[in-house]
Each structure stands twice: as structure tokens, then as C-alpha cells.
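Engineer: Contents of data_37.pdb (PDB, C-alpha atoms) are below:
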```
ATOM      1  CA  ALA A   1      87.811  94.604  93.479
ATOM      2  CA  GLY A   2      89.460  96.413  90.573
ATOM      3  CA  LYS A   3      86.785  95.820  87.922
ATOM      4  CA  ASN A   4      85.835  99.487  87.736
ATOM      5  CA  TRP A   5      87.753 102.649  88.480
ATOM      6  CA  GLN A   6      86.916 106.279  89.131
ATOM      7  CA  ILE A   7      89.361 109.202  89.010
ATOM      8  CA  PHE A   8      89.202 111.054  92.334
ATOM      9  CA  THR A   9      91.805 113.696  91.561
ATOM     10  CA  SER A  10      93.138 115.326  88.412
ATOM     11  CA  ASP A  11      96.232 116.788  90.052
ATOM     12  CA  ALA A  12      98.998 116.973  87.482
ATOM     13  CA  GLY A  13     101.744 116.330  90.002
ATOM     14  CA  ILE A  14     103.794 113.157  90.252
ATOM     15  CA  MET A  15     102.173 110.697  92.688
ATOM     16  CA  SER A  16     104.025 108.061  94.689
ATOM     17  CA  GLY A  17     103.902 106.144  97.954
ATOM     18  CA  LEU A  18     100.160 105.495  98.258
ATOM     19  CA  VAL A  19      99.332 103.764 101.561
ATOM     20  CA  LEU A  20      96.141 102.730 103.344
ATOM     21  CA  ASP A  21      95.493 103.110 107.065
ATOM     22  CA  VAL A  22      94.276  99.552 107.707
ATOM     23  CA  ASN A  23      92.628 100.589 110.992
ATOM     24  CA  SER A  24      90.539 103.369 109.460
ATOM     25  CA  PRO A  25      86.775 102.838 109.043
ATOM     26  CA  VAL A  26      86.040 100.336 106.281
ATOM     27  CA  ASN A  27      83.407 102.574 104.718
ATOM     28  CA  ASN A  28      85.532 105.722 104.926
ATOM     29  CA  ARG A  29      89.199 104.865 104.530
ATOM     30  CA  THR A  30      92.145 107.108 105.363
ATOM     31  CA  LEU A  31      94.856 107.242 102.695
ATOM     32  CA  PHE A  32      98.204 108.981 102.323
ATOM     33  CA  VAL A  33     100.135 109.757  99.136
ATOM     34  CA  THR A  34     102.902 112.087  98.001
ATOM     35  CA  ILE A  35     102.186 114.496  95.157
ATOM     36  CA  SER A  36     105.112 116.419  93.710
ATOM     37  CA  GLU A  37     107.198 115.429  96.771
ATOM     38  CA  ASP A  38     104.688 116.805  99.311
ATOM     39  CA  LEU A  39     102.403 114.783 101.579
ATOM     40  CA  TYR A  40      98.621 114.565 101.193
ATOM     41  CA  ARG A  41      95.912 112.832 103.239
ATOM     42  CA  SER A  42      92.396 111.708 102.405
ATOM     43  CA  GLN A  43      89.886 110.818 105.113
ATOM     44  CA  ASP A  44      87.040 109.899 102.769
ATOM     45  CA  ALA A  45      88.477 106.953 100.783
ATOM     46  CA  GLY A  46      90.276 109.175  98.295
ATOM     47  CA  ARG A  47      87.393 111.397  97.217
ATOM     48  CA  THR A  48      89.079 114.555  98.495
ATOM     49  CA  TRP A  49      92.680 115.299  99.485
ATOM     50  CA  GLN A  50      94.397 117.870 101.692
ATOM     51  CA  LYS A  51      98.085 118.732 101.835
ATOM     52  CA  VAL A  52      99.286 117.952 105.359
ATOM     53  CA  TYR A  53     103.007 118.571 104.964
ATOM     54  CA  ASP A  54     105.177 120.605 102.605
ATOM     55  CA  CYS A  55     108.020 118.109 102.556
ATOM     56  CA  ASN A  56     109.762 119.027  99.298
ATOM     57  CA  GLY A  57     111.478 115.665  99.018
ATOM     58  CA  CYS A  58     109.083 112.924 100.189
ATOM     59  CA  TRP A  59     108.186 109.984  97.957
ATOM     60  CA  PHE A  60     107.085 107.170 100.286
ATOM     61  CA  THR A  61     104.651 106.823 103.190
ATOM     62  CA  ALA A  62     103.565 104.264 105.806
ATOM     63  CA  VAL A  63     101.046 104.006 108.656
ATOM     64  CA  ASP A  64     101.625 101.946 111.795
ATOM     65  CA  ARG A  65      99.622  98.704 111.566
ATOM     66  CA  VAL A  66      98.630  98.776 115.254
ATOM     67  CA  ASN A  67      98.697 102.428 116.352
ATOM     68  CA  ARG A  68      97.224 104.507 113.542
ATOM     69  CA  SER A  69      98.390 107.755 115.162
ATOM     70  CA  LEU A  70     101.919 106.960 113.913
ATOM     71  CA  VAL A  71     102.413 107.969 110.272
ATOM     72  CA  TYR A  72     105.704 108.119 108.368
ATOM     73  CA  ALA A  73     107.031 109.710 105.182
ATOM     74  CA  GLY A  74     110.409 109.977 103.512
ATOM     75  CA  GLY A  75     112.531 110.366 100.409
ATOM     76  CA  ASP A  76     115.597 112.376  99.466
ATOM     77  CA  ALA A  77     114.663 114.967 102.101
ATOM     78  CA  GLY A  78     115.061 112.389 104.887
ATOM     79  CA  PHE A  79     112.587 110.731 107.270
ATOM     80  CA  PHE A  80     109.555 112.380 108.853
ATOM     81  CA  ARG A  81     107.022 111.214 111.441
ATOM     82  CA  SER A  82     103.678 112.268 112.842
ATOM     83  CA  THR A  83     102.225 111.101 116.163
ATOM     84  CA  GLN A  84      98.804 112.608 115.438
ATOM     85  CA  GLY A  85      97.551 110.531 112.533
ATOM     86  CA  GLY A  86      99.332 112.628 109.921
ATOM     87  CA  ALA A  87      97.533 115.871 110.762
ATOM     88  CA  ALA A  88      98.963 119.126 109.488
ATOM     89  CA  ALA A  89     101.475 120.810 111.814
ATOM     90  CA  SER A  90     102.206 117.451 113.498
ATOM     91  CA  TRP A  91     105.160 116.427 111.324
ATOM     92  CA  ARG A  92     108.718 116.349 112.627
ATOM     93  CA  LYS A  93     111.956 115.430 110.872
ATOM     94  CA  VAL A  94     114.140 112.677 112.326
ATOM     95  CA  ASN A  95     117.703 113.953 112.546
ATOM     96  CA  PHE A  96     119.580 110.964 111.166
ATOM     97  CA  ALA A  97     122.314 111.662 108.623
ATOM     98  CA  ASP A  98     122.058 108.280 106.898
ATOM     99  CA  PHE A  99     118.522 109.108 105.748
ATOM    100  CA  VAL A 100     119.220 112.396 103.981
ATOM    101  CA  GLY A 101     119.749 111.786 100.283
ATOM    102  CA  ARG A 102     120.228 113.825  97.160
ATOM    103  CA  ASP A 103     117.671 115.407  94.863
ATOM    104  CA  GLY A 104     117.949 115.437  91.101
ATOM    105  CA  ASN A 105     116.250 113.003  88.792
ATOM    106  CA  PRO A 106     113.165 111.313  90.319
ATOM    107  CA  TRP A 107     113.722 108.156  92.384
ATOM    108  CA  TRP A 108     112.837 105.821  89.522
ATOM    109  CA  TRP A 109     115.821 107.181  87.589
ATOM    110  CA  GLY A 110     118.214 106.450  90.462
ATOM    111  CA  ASP A 111     120.594 104.179  88.601
ATOM    112  CA  ALA A 112     123.179 106.707  87.410
ATOM    113  CA  GLN A 113     126.167 107.609  89.526
ATOM    114  CA  ASP A 114     124.926 111.183  89.812
ATOM    115  CA  GLY A 115     121.252 110.237  90.190
ATOM    116  CA  TRP A 116     118.705 110.327  92.996
ATOM    117  CA  GLN A 117     119.521 108.996  96.486
ATOM    118  CA  GLY A 118     117.460 108.683  99.633
ATOM    119  CA  ILE A 119     114.797 106.622 101.402
ATOM    120  CA  HIS A 120     113.423 104.198  98.822
ATOM    121  CA  ASP A 121     110.816 102.368 100.906
ATOM    122  CA  ILE A 122     109.033 102.585 104.268
ATOM    123  CA  VAL A 123     107.160  99.594 105.706
ATOM    124  CA  ALA A 124     105.370  99.295 109.050
ATOM    125  CA  ASP A 125     105.705  95.999 110.894
ATOM    126  CA  PRO A 126     102.406  94.076 110.701
ATOM    127  CA  LEU A 127     102.662  92.724 114.271
ATOM    128  CA  HIS A 128     104.413  95.302 116.466
ATOM    129  CA  SER A 129     103.337  98.830 117.236
ATOM    130  CA  GLY A 130     106.106 101.367 116.649
ATOM    131  CA  TRP A 131     108.214  99.034 114.520
ATOM    132  CA  VAL A 132     109.027 100.480 111.106
ATOM    133  CA  TYR A 133     111.574  99.625 108.389
ATOM    134  CA  ALA A 134     113.249 101.875 105.829
ATOM    135  CA  THR A 135     115.556 101.133 102.916
ATOM    136  CA  VAL A 136     118.058 103.793 101.880
ATOM    137  CA  PHE A 137     119.240 103.794  98.271
ATOM    138  CA  ARG A 138     122.749 105.160  97.702
ATOM    139  CA  HIS A 139     125.659 105.120  95.297
ATOM    140  CA  PHE A 140     128.396 104.405  97.786
ATOM    141  CA  ASP A 141     131.799 105.848  96.973
ATOM    142  CA  PRO A 142     134.635 103.787  98.553
ATOM    143  CA  ASP A 143     136.914 106.819  98.313
ATOM    144  CA  GLN A 144     134.701 108.683 100.819
ATOM    145  CA  PRO A 145     134.553 106.458 103.918
ATOM    146  CA  ASN A 146     132.795 109.062 106.074
ATOM    147  CA  GLN A 147     129.780 109.526 103.830
ATOM    148  CA  PRO A 148     126.343 108.386 105.069
ATOM    149  CA  GLN A 149     125.610 104.735 104.379
ATOM    150  CA  GLY A 150     122.612 103.204 102.751
ATOM    151  CA  GLY A 151     120.987  99.897 103.620
ATOM    152  CA  LEU A 152     118.073  98.531 105.618
ATOM    153  CA  TYR A 153     117.172 100.152 108.933
ATOM    154  CA  ARG A 154     114.635  99.339 111.658
ATOM    155  CA  SER A 155     113.121 101.461 114.393
ATOM    156  CA  GLN A 156     111.293  99.949 117.366
ATOM    157  CA  ASP A 157     110.201 103.226 118.933
ATOM    158  CA  GLY A 158     108.072 104.814 116.243
ATOM    159  CA  GLY A 159     110.930 106.182 114.153
ATOM    160  CA  VAL A 160     112.841 108.026 116.880
ATOM    161  CA  THR A 161     115.972 105.850 116.921
ATOM    162  CA  TRP A 162     117.251 103.422 114.282
ATOM    163  CA  GLN A 163     119.363 100.294 113.947
ATOM    164  CA  GLN A 164     121.043  99.273 110.693
ATOM    165  CA  LEU A 165     120.111  95.677 109.845
ATOM    166  CA  LEU A 166     121.842  95.423 106.473
ATOM    167  CA  PRO A 167     124.552  97.809 105.244
ATOM    168  CA  ASP A 168     124.831  98.855 101.631
ATOM    169  CA  ASN A 169     128.600  99.070 101.523
ATOM    170  CA  TYR A 170     129.345  99.389  97.841
ATOM    171  CA  ARG A 171     126.614 100.257  95.321
ATOM    172  CA  HIS A 172     124.387  97.296  96.097
ATOM    173  CA  HIS A 173     121.319  99.459  95.595
ATOM    174  CA  LEU A 174     118.789  98.265  98.160
ATOM    175  CA  ARG A 175     115.227  98.925  97.034
ATOM    176  CA  ASN A 176     112.242  97.488  98.901
ATOM    177  CA  VAL A 177     111.447  95.503 102.046
ATOM    178  CA  ALA A 178     108.652  93.121 103.103
ATOM    179  CA  VAL A 179     107.866  91.653 106.533
ATOM    180  CA  SER A 180     106.048  88.364 107.124
ATOM    181  CA  PRO A 181     102.585  88.816 108.670
ATOM    182  CA  LEU A 182     103.175  85.663 110.752
ATOM    183  CA  ASP A 183     106.689  86.312 112.078
ATOM    184  CA  SER A 184     108.486  89.668 112.101
ATOM    185  CA  ARG A 185     111.833  87.903 112.148
ATOM    186  CA  ILE A 186     111.255  86.922 108.509
ATOM    187  CA  LEU A 187     112.328  89.775 106.230
ATOM    188  CA  PHE A 188     112.803  90.117 102.476
ATOM    189  CA  VAL A 189     114.878  92.883 100.886
ATOM    190  CA  THR A 190     115.434  93.529  97.184
ATOM    191  CA  SER A 191     118.435  95.008  95.404
ATOM    192  CA  SER A 192     118.918  96.243  91.852
ATOM    193  CA  SER A 193     121.359  98.527  90.075
ATOM    194  CA  SER A 194     118.742  98.841  87.315
ATOM    195  CA  ASN A 195     115.344 100.508  87.390
ATOM    196  CA  CYS A 196     114.008  99.226  84.079
ATOM    197  CA  CYS A 197     116.606  97.238  82.142
ATOM    198  CA  GLY A 198     120.329  96.707  81.802
ATOM    199  CA  GLY A 199     122.529  97.490  84.777
ATOM    200  CA  ASP A 200     125.621  95.807  86.120
ATOM    201  CA  PRO A 201     124.664  92.614  88.015
ATOM    202  CA  THR A 202     127.874  92.953  90.041
ATOM    203  CA  TYR A 203     126.157  95.680  92.052
ATOM    204  CA  SER A 204     122.869  93.853  92.599
ATOM    205  CA  HIS A 205     122.015  91.320  95.305
ATOM    206  CA  GLY A 206     118.593  90.438  93.895
ATOM    207  CA  VAL A 207     116.468  88.901  96.660
ATOM    208  CA  LEU A 208     117.800  88.677 100.210
ATOM    209  CA  ARG A 209     116.052  86.912 103.089
ATOM    210  CA  SER A 210     116.561  86.888 106.841
ATOM    211  CA  VAL A 211     114.786  84.551 109.263
ATOM    212  CA  ASP A 212     116.422  85.936 112.406
ATOM    213  CA  GLY A 213     115.309  89.559 112.383
ATOM    214  CA  GLY A 214     118.104  90.818 110.155
ATOM    215  CA  ALA A 215     121.091  89.281 111.980
ATOM    216  CA  THR A 216     122.008  87.100 108.969
ATOM    217  CA  TRP A 217     121.015  87.147 105.309
ATOM    218  CA  ALA A 218     120.952  84.722 102.374
ATOM    219  CA  GLN A 219     120.382  85.248  98.637
ATOM    220  CA  PHE A 220     117.548  83.566  96.746
ATOM    221  CA  ASN A 221     117.997  84.309  93.040
ATOM    222  CA  GLU A 222     117.514  80.839  91.545
ATOM    223  CA  GLY A 223     115.431  81.012  88.399
ATOM    224  CA  MET A 224     115.974  84.751  87.879
ATOM    225  CA  ALA A 225     117.628  85.839  84.651
ATOM    226  CA  TRP A 226     119.485  88.624  86.470
ATOM    227  CA  PRO A 227     119.954  89.459  90.159
ATOM    228  CA  HIS A 228     117.807  92.572  89.761
ATOM    229  CA  ALA A 229     114.795  92.873  92.073
ATOM    230  CA  ARG A 230     112.692  95.808  93.213
ATOM    231  CA  SER A 231     109.089  95.475  94.368
ATOM    232  CA  VAL A 232     108.441  92.610  96.798
ATOM    233  CA  ALA A 233     105.201  91.422  98.392
ATOM    234  CA  ILE A 234     104.311  88.578 100.743
ATOM    235  CA  ASP A 235     100.920  86.932 100.272
ATOM    236  CA  PRO A 236      98.941  87.741 103.472
ATOM    237  CA  LYS A 237      96.940  84.494 103.263
ATOM    238  CA  ASN A 238      99.984  82.334 102.509
ATOM    239  CA  PRO A 239     103.156  84.049 103.787
ATOM    240  CA  ALA A 240     105.301  81.319 102.241
ATOM    241  CA  LEU A 241     104.385  82.762  98.819
ATOM    242  CA  VAL A 242     106.521  85.750  97.819
ATOM    243  CA  TRP A 243     106.206  87.924  94.707
ATOM    244  CA  VAL A 244     109.088  89.955  93.261
ATOM    245  CA  GLY A 245     109.238  92.456  90.424
ATOM    246  CA  SER A 246     112.445  92.143  88.418
ATOM    247  CA  PRO A 247     113.407  95.062  86.102
ATOM    248  CA  GLY A 248     113.482  93.892  82.512
ATOM    249  CA  THR A 249     112.001  90.431  83.171
ATOM    250  CA  GLY A 250     108.659  91.076  84.911
ATOM    251  CA  PHE A 251     107.071  89.559  87.995
ATOM    252  CA  GLN A 252     108.058  86.241  89.483
ATOM    253  CA  LYS A 253     106.850  84.209  92.455
ATOM    254  CA  ARG A 254     108.295  81.566  94.715
ATOM    255  CA  ILE A 255     106.951  79.372  97.516
ATOM    256  CA  PHE A 256     109.408  78.986 100.408
ATOM    257  CA  ALA A 257     108.611  75.567 101.846
ATOM    258  CA  ASP A 258     110.711  76.252 104.940
ATOM    259  CA  LEU A 259     108.585  79.227 106.024
ATOM    260  CA  PRO A 260     105.591  78.947 108.393
ATOM    261  CA  GLN A 261     102.235  78.236 106.808
ATOM    262  CA  PRO A 262      98.917  79.703 107.957
ATOM    263  CA  THR A 263      96.648  77.565 110.140
ATOM    264  CA  PRO A 264      93.700  76.283 108.067
ATOM    265  CA  THR A 265      90.357  77.752 109.042
ATOM    266  CA  ALA A 266      86.839  76.636 108.272
ATOM    267  CA  THR A 267      84.924  78.216 105.422
ATOM    268  CA  PRO A 268      82.080  80.290 106.902
ATOM    269  CA  GLY A 269      78.917  78.201 106.997
ATOM    270  CA  ALA A 270      80.754  74.904 106.427
ATOM    271  CA  ASN A 271      81.618  72.028 108.764
ATOM    272  CA  LEU A 272      85.293  71.501 109.557
ATOM    273  CA  ILE A 273      86.285  67.879 110.203
ATOM    274  CA  ARG A 274      88.956  68.070 112.909
ATOM    275  CA  ASN A 275      89.435  64.341 113.574
ATOM    276  CA  GLY A 276      90.886  62.317 110.732
ATOM    277  CA  ASP A 277      89.180  58.980 111.606
ATOM    278  CA  PHE A 278      85.668  60.429 112.110
ATOM    279  CA  SER A 279      85.456  58.639 115.474
ATOM    280  CA  GLN A 280      84.080  61.705 117.249
ATOM    281  CA  GLY A 281      81.407  62.565 114.723
ATOM    282  CA  VAL A 282      77.659  62.388 114.989
ATOM    283  CA  ALA A 283      75.761  60.308 112.422
ATOM    284  CA  PRO A 284      74.499  60.860 109.890
ATOM    285  CA  TRP A 285      77.152  62.739 107.881
ATOM    286  CA  HIS A 286      76.218  64.383 104.589
ATOM    287  CA  GLY A 287      78.504  64.292 101.578
ATOM    288  CA  GLY A 288      78.782  67.716  99.999
ATOM    289  CA  THR A 289      75.863  68.470  97.730
ATOM    290  CA  ASP A 290      74.902  64.768  97.690
ATOM    291  CA  THR A 291      71.831  64.027  99.811
ATOM    292  CA  THR A 292      73.033  60.505 100.606
ATOM    293  CA  ASP A 293      73.464  59.978 104.337
ATOM    294  CA  LEU A 294      76.923  58.887 105.490
ATOM    295  CA  THR A 295      77.634  56.853 108.618
ATOM    296  CA  VAL A 296      80.705  56.042 110.685
ATOM    297  CA  ARG A 297      81.577  52.353 111.064
ATOM    298  CA  ASN A 298      84.636  51.375 113.067
ATOM    299  CA  GLY A 299      86.273  54.717 112.369
ATOM    300  CA  ASP A 300      85.552  54.616 108.621
ATOM    301  CA  LEU A 301      83.249  56.985 106.784
ATOM    302  CA  CYS A 302      80.769  54.949 104.778
TER     303      CYS A 302
END
```
Re-express the file's structure as C-alpha cells.
Structural biologist:
Amino acid sequence: AGKNWQIFTSDAGIMSGLVLDVNSPVNNRTLFVTISEDLYRSQDAGRTWQKVYDCNGCWFTAVDRVNRSLVYAGGDAGFFRSTQGGAAASWRKVNFADFVGRDGNPWWWGDAQDGWQGIHDIVADPLHSGWVYATVFRHFDPDQPNQPQGGLYRSQDGGVTWQQLLPDNYRHHLRNVAVSPLDSRILFVTSSSSNCCGGDPTYSHGVLRSVDGGATWAQFNEGMAWPHARSVAIDPKNPALVWVGSPGTGFQKRIFADLPQPTPTATPGANLIRNGDFSQGVAPWHGGTDTTDLTVRNGDLC
């Protein structure tokens, strides 16, 4: 659980986009990562790695949460998909102009007008097979109306066709996306013109949320020093709790009281009292670690 670490590879290349295949064997996990813009796979929990695709422009990866045969990768080179679990020779490029970016400085330097552009995040839907989301980071030039747009896109057929859910019309710099594990209509997207510090807040949306599958969006930047947000994560045990990384100010969290809460479950080995007045119980009850017997009298626990 993070107490101890072991280096599995000494590759000197730049690593990014590490993802776990959640449906792989627990004792022998499958992992994907990009190293120096190419795609690698491990089928032994990271002990050994094999290059599975010479992408030359991939920085991010994702694996379908239901159908593990669907694997995705992308970056400034565009979007790529495999229908064979990421095996070598199974990768195909999706011909979609909006996804092709621009090489140059690495993606984490993409805050200059002439900097990096391309797919900045890929996230598989936790509930639906074949659903995948991608954010495209661009420096939109209003003087070139026919240039490819950035924004948030969703595919519902394993990455073959795409729908734009949120356009990035004028240097709003979309970064990352998160999907609620309880309801796929609940989406969070982050925006920042800055990667580390500074940056013009005019071109940053901060945190955006949709509760209708991307049809409408609202900003939630209260309490943030600047509307700069990048990494975003939803707590899988409490999807109302959302974490955001803000360049220059650190990590922040917020509980959205209007979002669905998980259904309480019993602790393994413990008794769960389902009726509030104890009227359906069987005497005697036992109070925690206390050995005193408890009884029910007229609906009261005594």
C-alpha cells in the first residue's frame, strides 16, 4: 500500500500515462505506460515490459473498465486503439482531425502559444463498455476558424466515432476528465492555462461539472485562489468527494452534497442493524466489546 517500493525498470526515457487493467488477474496485473512517446505493456505487474506500439507521439493510455480487450493511447500523434488487449500489431489510428496535435516541448510545457498540443487525457467510463473520454488541449487561434478544435470528446463505440461534449473555443486549455463510478452522467473537467504557476486566469475555467452527460456545464471554483485546475479524481468509495490539483496552490478537495452517495454496507463479520427501532431483532443484543446483554423493550434498546 505504498510503504515500500521497488524499481522494476531503469529505462531512461520519459514515462507518462500509467494505467492498470482492473480486470487483469490480481496476482499478475497488466499495466500500460508510454516511454519516450511509445507504448509499452507489462503482463506481470510491472516486472518486465515490452514495446507494443511505436507511436512516436503517445503520452496517455486507458483500458476499458468492462471489456479489457479495448485499450487506448494518444497524445500529439492523435488517438489509437487496440481491440486485442493492446497486443503488438493490433493498434490502429483513429482518423479524426481534432485529435491530431503538435509536437515540440513535452505536454507538461504546453502553456506557451507555440507549445505542445494534443490529447491530454484518456479515461474509460467505469460503467459502460466501449465508452471512453478524451480531452484535447489546444491554443485556439480565432483568426483561423477552420483549424481543429480542442475540448472534451466521448466515444460510445470503443473509440471509432466521437461526439464533442465541451468545445474549447478560445484558449481555455482543457486538461483532465473524471467520471463518477455511480452515474456516468456526472462528469468533471479541469482547465488551466498554467502547468506549474502563473498563467492568465482569463483563459482558464478551473473546475467544470456536468450532471446531464455533458449537455450543460457549471463552474465550481469557490475557495480556489486561481481558476487553474489540472488533475482531478473522484473518490471511488464516496463519489461526492472530488480531489483537484491546482498549479501553484496544490491539491484541494470538495464534497458535493448534491451528488449521489454510496449505499452503506455492513463491515465484514459485523451485524448490520437495518431497523431503527430494533422491533425485529432477536434478544439478547450485545453492545460492541461490552459483554453486557441488551434487550428490546417496547421498541427501545435497553
Engineer: Name the closest residue to Glu37 of chain A among the candidates A:Ser24, A:Gln149, A:Tyr72, A:Ala77; distances are taken between atoms, counting only C-alpha atoms.
Structural biologist: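 The shortest atom-to-atom distance to Glu37 of chain A comes from A:Ala77.
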Engineer: Between A:Thr83, A:Gln147, A:Ser210, A:Thr202, which has the minimum distance to Leu166 of chain A (counting only C-alpha atoms)?
Structural biologist: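 Residue with the minimum atom-to-atom distance to Leu166 of chain A: A:Ser210.
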Engineer: Could you tell me how far atom CA of Phe220 of chain A lies from atom CA of Val207 of chain A, in Å and to one decimal?
Structural biologist: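 Computing the Euclidean distance for atom CA of Phe220 of chain A and atom CA of Val207 of chain A yields 5.4 Å.
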Engineer: Residues near Val160 of chain A, anyone? I mean within 8 Å using only C-alpha atoms, not counting same-chain ones fewer than 3 positions away, as a ChimeraX atom specification.
Structural biologist: /A:94,155,157
Engineer: Give as a PyMOL selection string the residues that the PyMOL selection byres ((chain A and resi 189) around 8) matches when applied to the coordinates above.
Structural biologist: chain A and resi 174-178+187-188+190-191+207-209+232
Engineer: Return the single residue from A:Lys253, A:His228, A:Arg65, A:Arg41 that is closest to Ser129 of chain A, with distances computed using all atoms listed in the file.
Structural biologist: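 Looking at the shortest contact to Ser129 of chain A, the residue is A:Arg65.
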Engineer: Taking the partial coordinates given, rebuild segment 227-241 of chain A to contain N, CA and C atoms; return it as a PDB file, in the coordinates of the input.
Structural biologist:
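Output file rebuild-v1.pdb follows:
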```
ATOM      1  N   PRO A 227     120.191  89.176  88.737  1.00  0.00           N
ATOM      2  CA  PRO A 227     119.954  89.459  90.159  1.00  0.00           C
ATOM      3  C   PRO A 227     119.442  90.879  90.379  1.00  0.00           C
ATOM      4  N   HIS A 228     118.419  91.252  89.623  1.00  0.00           N
ATOM      5  CA  HIS A 228     117.807  92.572  89.761  1.00  0.00           C
ATOM      6  C   HIS A 228     116.407  92.393  90.323  1.00  0.00           C
ATOM      7  N   ALA A 229     116.111  92.990  91.456  1.00  0.00           N
ATOM      8  CA  ALA A 229     114.795  92.873  92.073  1.00  0.00           C
ATOM      9  C   ALA A 229     114.429  94.190  92.736  1.00  0.00           C
ATOM     10  N   ARG A 230     113.159  94.547  92.608  1.00  0.00           N
ATOM     11  CA  ARG A 230     112.692  95.808  93.213  1.00  0.00           C
ATOM     12  C   ARG A 230     111.470  95.547  94.084  1.00  0.00           C
ATOM     13  N   SER A 231     110.279  95.645  93.539  1.00  0.00           N
ATOM     14  CA  SER A 231     109.089  95.475  94.368  1.00  0.00           C
ATOM     15  C   SER A 231     109.025  94.054  94.916  1.00  0.00           C
ATOM     16  N   VAL A 232     108.550  93.923  96.156  1.00  0.00           N
ATOM     17  CA  VAL A 232     108.441  92.610  96.798  1.00  0.00           C
ATOM     18  C   VAL A 232     107.193  92.616  97.666  1.00  0.00           C
ATOM     19  N   ALA A 233     106.437  91.528  97.620  1.00  0.00           N
ATOM     20  CA  ALA A 233     105.201  91.422  98.392  1.00  0.00           C
ATOM     21  C   ALA A 233     105.039  90.000  98.893  1.00  0.00           C
ATOM     22  N   ILE A 234     104.581  89.871 100.134  1.00  0.00           N
ATOM     23  CA  ILE A 234     104.311  88.578 100.743  1.00  0.00           C
ATOM     24  C   ILE A 234     102.802  88.376 100.771  1.00  0.00           C
ATOM     25  N   ASP A 235     102.345  87.228 100.300  1.00  0.00           N
ATOM     26  CA  ASP A 235     100.920  86.932 100.272  1.00  0.00           C
ATOM     27  C   ASP A 235     100.394  86.887 101.712  1.00  0.00           C
ATOM     28  N   PRO A 236      99.411  87.721 102.082  1.00  0.00           N
ATOM     29  CA  PRO A 236      98.941  87.741 103.472  1.00  0.00           C
ATOM     30  C   PRO A 236      98.209  86.469 103.883  1.00  0.00           C
ATOM     31  N   LYS A 237      97.642  85.731 102.932  1.00  0.00           N
ATOM     32  CA  LYS A 237      96.940  84.494 103.263  1.00  0.00           C
ATOM     33  C   LYS A 237      97.867  83.292 103.262  1.00  0.00           C
ATOM     34  N   ASN A 238      98.979  83.395 102.535  1.00  0.00           N
ATOM     35  CA  ASN A 238      99.984  82.334 102.509  1.00  0.00           C
ATOM     36  C   ASN A 238     101.360  82.984 102.525  1.00  0.00           C
ATOM     37  N   PRO A 239     101.888  83.320 103.705  1.00  0.00           N
ATOM     38  CA  PRO A 239     103.156  84.049 103.787  1.00  0.00           C
ATOM     39  C   PRO A 239     104.362  83.286 103.263  1.00  0.00           C
ATOM     40  N   ALA A 240     104.199  82.035 102.881  1.00  0.00           N
ATOM     41  CA  ALA A 240     105.301  81.319 102.241  1.00  0.00           C
ATOM     42  C   ALA A 240     105.406  81.667 100.761  1.00  0.00           C
ATOM     43  N   LEU A 241     104.402  82.358 100.227  1.00  0.00           N
ATOM     44  CA  LEU A 241     104.385  82.762  98.819  1.00  0.00           C
ATOM     45  C   LEU A 241     104.848  84.206  98.708  1.00  0.00           C
TER      46      LEU A 241
END
```
